[in-house]
Amino acid sequence: VAIGAPLTYESDLGERRRAGVVAELTRFGDGFVIPFVRDTTYEDPPLVCVTGGRVGGWRVTWRATRRQRVGQGFGNLRMRPVAWNAETLIVCGAYSNEAYAIDARGQWKWSCPLGYEAFPQWGGPEICGESVLVPRNDGFLHQVDPVSGKRLLSLYLGRQEAAGLWVNAEQRFPNADVAPWWQDVRRDPLVGRQTVIGDTVIQGSEEGWLYCIS
């Protein structure tokens, strides 16, 4: 049973195209936020919020936007965002090295650079205490302050022989100017969401290792 009409977006050519939905929805305020995929990157984040509750009774309340136009900077979303509170939604973007935040009206709040740029991004953010953890395709598990939008720490887990390397907020990532890549044989990405149990975090890597962090 379809809910309303298909989700669409406006392409660079001004055409209405059907969006793909491959991630879970996130409850945010009185609605549900739907992350989606498009044909390329765009100036606005690929997020739409719907409210309702009956088949055919759903309506779009906002589409995410960025007031300051700085180019086509938002890639597709294949993992659900997480609601920090009723006013802040944390999103892990693809085609970049950024996490970003959206407010309750769908407006962009901040962007935070994390590690190395990478085109793919499959891991999603998760709340852990007073911060948000973001696993990325660069092999790092990044800790972000959801209020200030600043990176706090990054822990490398991509390859077992180098696992445990920390990069704090003041440090620069080695070779951070390397061009983005679709698949880099030098690093194994973190593609799954982590599990948080109290003050313990469990994260798996694509290489096949399971890490327990406290």
# chains A, B, ... in the order shown; residues from 1 in each chain; ligands from 1

call {"tool": "closest_atom_pairs", "arguments": {"of": "segment 78-174 of chain A", "to": "segment 195-214 of chain A", "cutoff": "9 Å", "atoms": "only C-alpha atoms", "output": "JSON lines"}}
result
{"residue": "A:Glu126", "atom": "CA", "partner": "A:Val196", "partner_atom": "CA", "distance": 7.9}
{"residue": "A:Ile127", "atom": "CA", "partner": "A:Val196", "partner_atom": "CA", "distance": 7.9}
{"residue": "A:Cys128", "atom": "CA", "partner": "A:Val196", "partner_atom": "CA", "distance": 6.5}
{"residue": "A:Gly129", "atom": "CA", "partner": "A:Asp199", "partner_atom": "CA", "distance": 7.4}
{"residue": "A:Pro135", "atom": "CA", "partner": "A:Gln203", "partner_atom": "CA", "distance": 8.5}
{"residue": "A:Gly139", "atom": "CA", "partner": "A:Ser205", "partner_atom": "CA", "distance": 7.9}
{"residue": "A:Leu141", "atom": "CA", "partner": "A:Gln203", "partner_atom": "CA", "distance": 8.6}
{"residue": "A:Leu157", "atom": "CA", "partner": "A:Ser205", "partner_atom": "CA", "distance": 6.9}
{"residue": "A:Gly158", "atom": "CA", "partner": "A:Ser205", "partner_atom": "CA", "distance": 6.1}
{"residue": "A:Arg159", "atom": "CA", "partner": "A:Glu207", "partner_atom": "CA", "distance": 6.7}
{"residue": "A:Gln160", "atom": "CA", "partner": "A:Trp209", "partner_atom": "CA", "distance": 7.2}

call {"tool": "write_last_selection", "arguments": {"atoms": "C-alpha atoms", "output": "PDB file, in the first residue's frame"}}
result
ATOM      1  CA  GLU A 126      24.308   7.106  17.401  1.00  0.00           C
ATOM      2  CA  ILE A 127      23.902   8.932  20.718  1.00  0.00           C
ATOM      3  CA  CYS A 128      26.360   8.039  23.475  1.00  0.00           C
ATOM      4  CA  GLY A 129      26.012  10.053  26.671  1.00  0.00           C
ATOM      5  CA  PRO A 135      31.381   5.624  12.087  1.00  0.00           C
ATOM      6  CA  GLY A 139      37.854   3.668   9.252  1.00  0.00           C
ATOM      7  CA  LEU A 141      34.751   6.243  14.832  1.00  0.00           C
ATOM      8  CA  LEU A 157      39.226   0.866  13.931  1.00  0.00           C
ATOM      9  CA  GLY A 158      39.410   0.255  10.186  1.00  0.00           C
ATOM     10  CA  ARG A 159      42.407  -2.109  10.198  1.00  0.00           C
ATOM     11  CA  GLN A 160      43.215  -4.298  13.166  1.00  0.00           C
TER      12      GLN A 160
END

call {"tool": "residues_around", "arguments": {"residues": "segment 83-89 of chain A", "least_positions_apart": "3", "cutoff": "7 Å", "atoms": "only C-alpha atoms", "output": "PDB file with C-alpha atoms, in the first residue's frame"}}
result
ATOM      1  CA  PHE A  28      11.664  13.765  14.998  1.00  0.00           C
ATOM      2  CA  GLY A  29       9.223  15.958  16.887  1.00  0.00           C
ATOM      3  CA  ALA A 101      22.738  19.044  11.890  1.00  0.00           C
ATOM      4  CA  ILE A 102      19.202  20.013  10.864  1.00  0.00           C
ATOM      5  CA  ASP A 103      16.755  21.888  13.112  1.00  0.00           C
ATOM      6  CA  ALA A 104      13.054  21.191  13.719  1.00  0.00           C
TER       7      ALA A 104
END

call {"tool": "atom_distance", "arguments": {"atom1": "atom CA of Cys112 of chain A", "atom2": "atom CA of Val22 of chain A"}}
result
24.0 Å

call {"tool": "select_by_dssp", "arguments": {"residues": "segment 139-206 of chain A", "states": "strand (DSSP E)", "output": "count of residues only"}}
result
24

call {"tool": "closest_residue", "arguments": {"among": "A:Ala99, A:Leu133, A:Leu25, A:Val48", "to": "Arg80 of chain A", "atoms": "only C-alpha atoms"}}
result
A:Leu25

call {"tool": "closest_residue", "arguments": {"among": "A:Thr51, A:Asn76, A:Thr65, A:Asn168", "to": "Ala19 of chain A", "atoms": "only C-alpha atoms"}}
result
A:Asn76

call {"tool": "closest_residue", "arguments": {"among": "A:Asp188, A:Asp12, A:Glu24, A:Asp30", "to": "Glu43 of chain A", "atoms": "only C-alpha atoms"}}
result
A:Asp12

call {"tool": "closest_residue", "arguments": {"among": "A:Gly20, A:Trp166, A:Arg151, A:Pro189", "to": "Gly123 of chain A", "atoms": "only C-alpha atoms"}}
result
A:Pro189

call {"tool": "residues_around", "arguments": {"residues": "Asp39 of chain A", "least_positions_apart": "3", "cutoff": "12 Å", "atoms": "only C-alpha atoms", "output": "count of residues only"}}
result
19

call {"tool": "closest_residue", "arguments": {"among": "A:Ala163, A:Ala94, A:Val191, A:Ala64", "to": "Trp122 of chain A", "atoms": "only C-alpha atoms"}}
result
A:Val191

call {"tool": "closest_residue", "arguments": {"among": "A:Arg38, A:Leu7, A:Arg172, A:Ser154", "to": "Trp58 of chain A", "atoms": "only C-alpha atoms"}}
result
A:Leu7

call {"tool": "atom_distance", "arguments": {"atom1": "atom CA of Gly52 of chain A", "atom2": "atom CA of Gly31 of chain A"}}
result
7.5 Å

call {"tool": "atom_distance", "arguments": {"atom1": "atom CA of Arg59 of chain A", "atom2": "atom CA of Pro81 of chain A"}}
result
20.1 Å

call {"tool": "residues_around", "arguments": {"residues": "Ser111 of chain A", "least_positions_apart": "5", "cutoff": "10 Å", "atoms": "only C-alpha atoms", "output": "count of residues only"}}
result
13
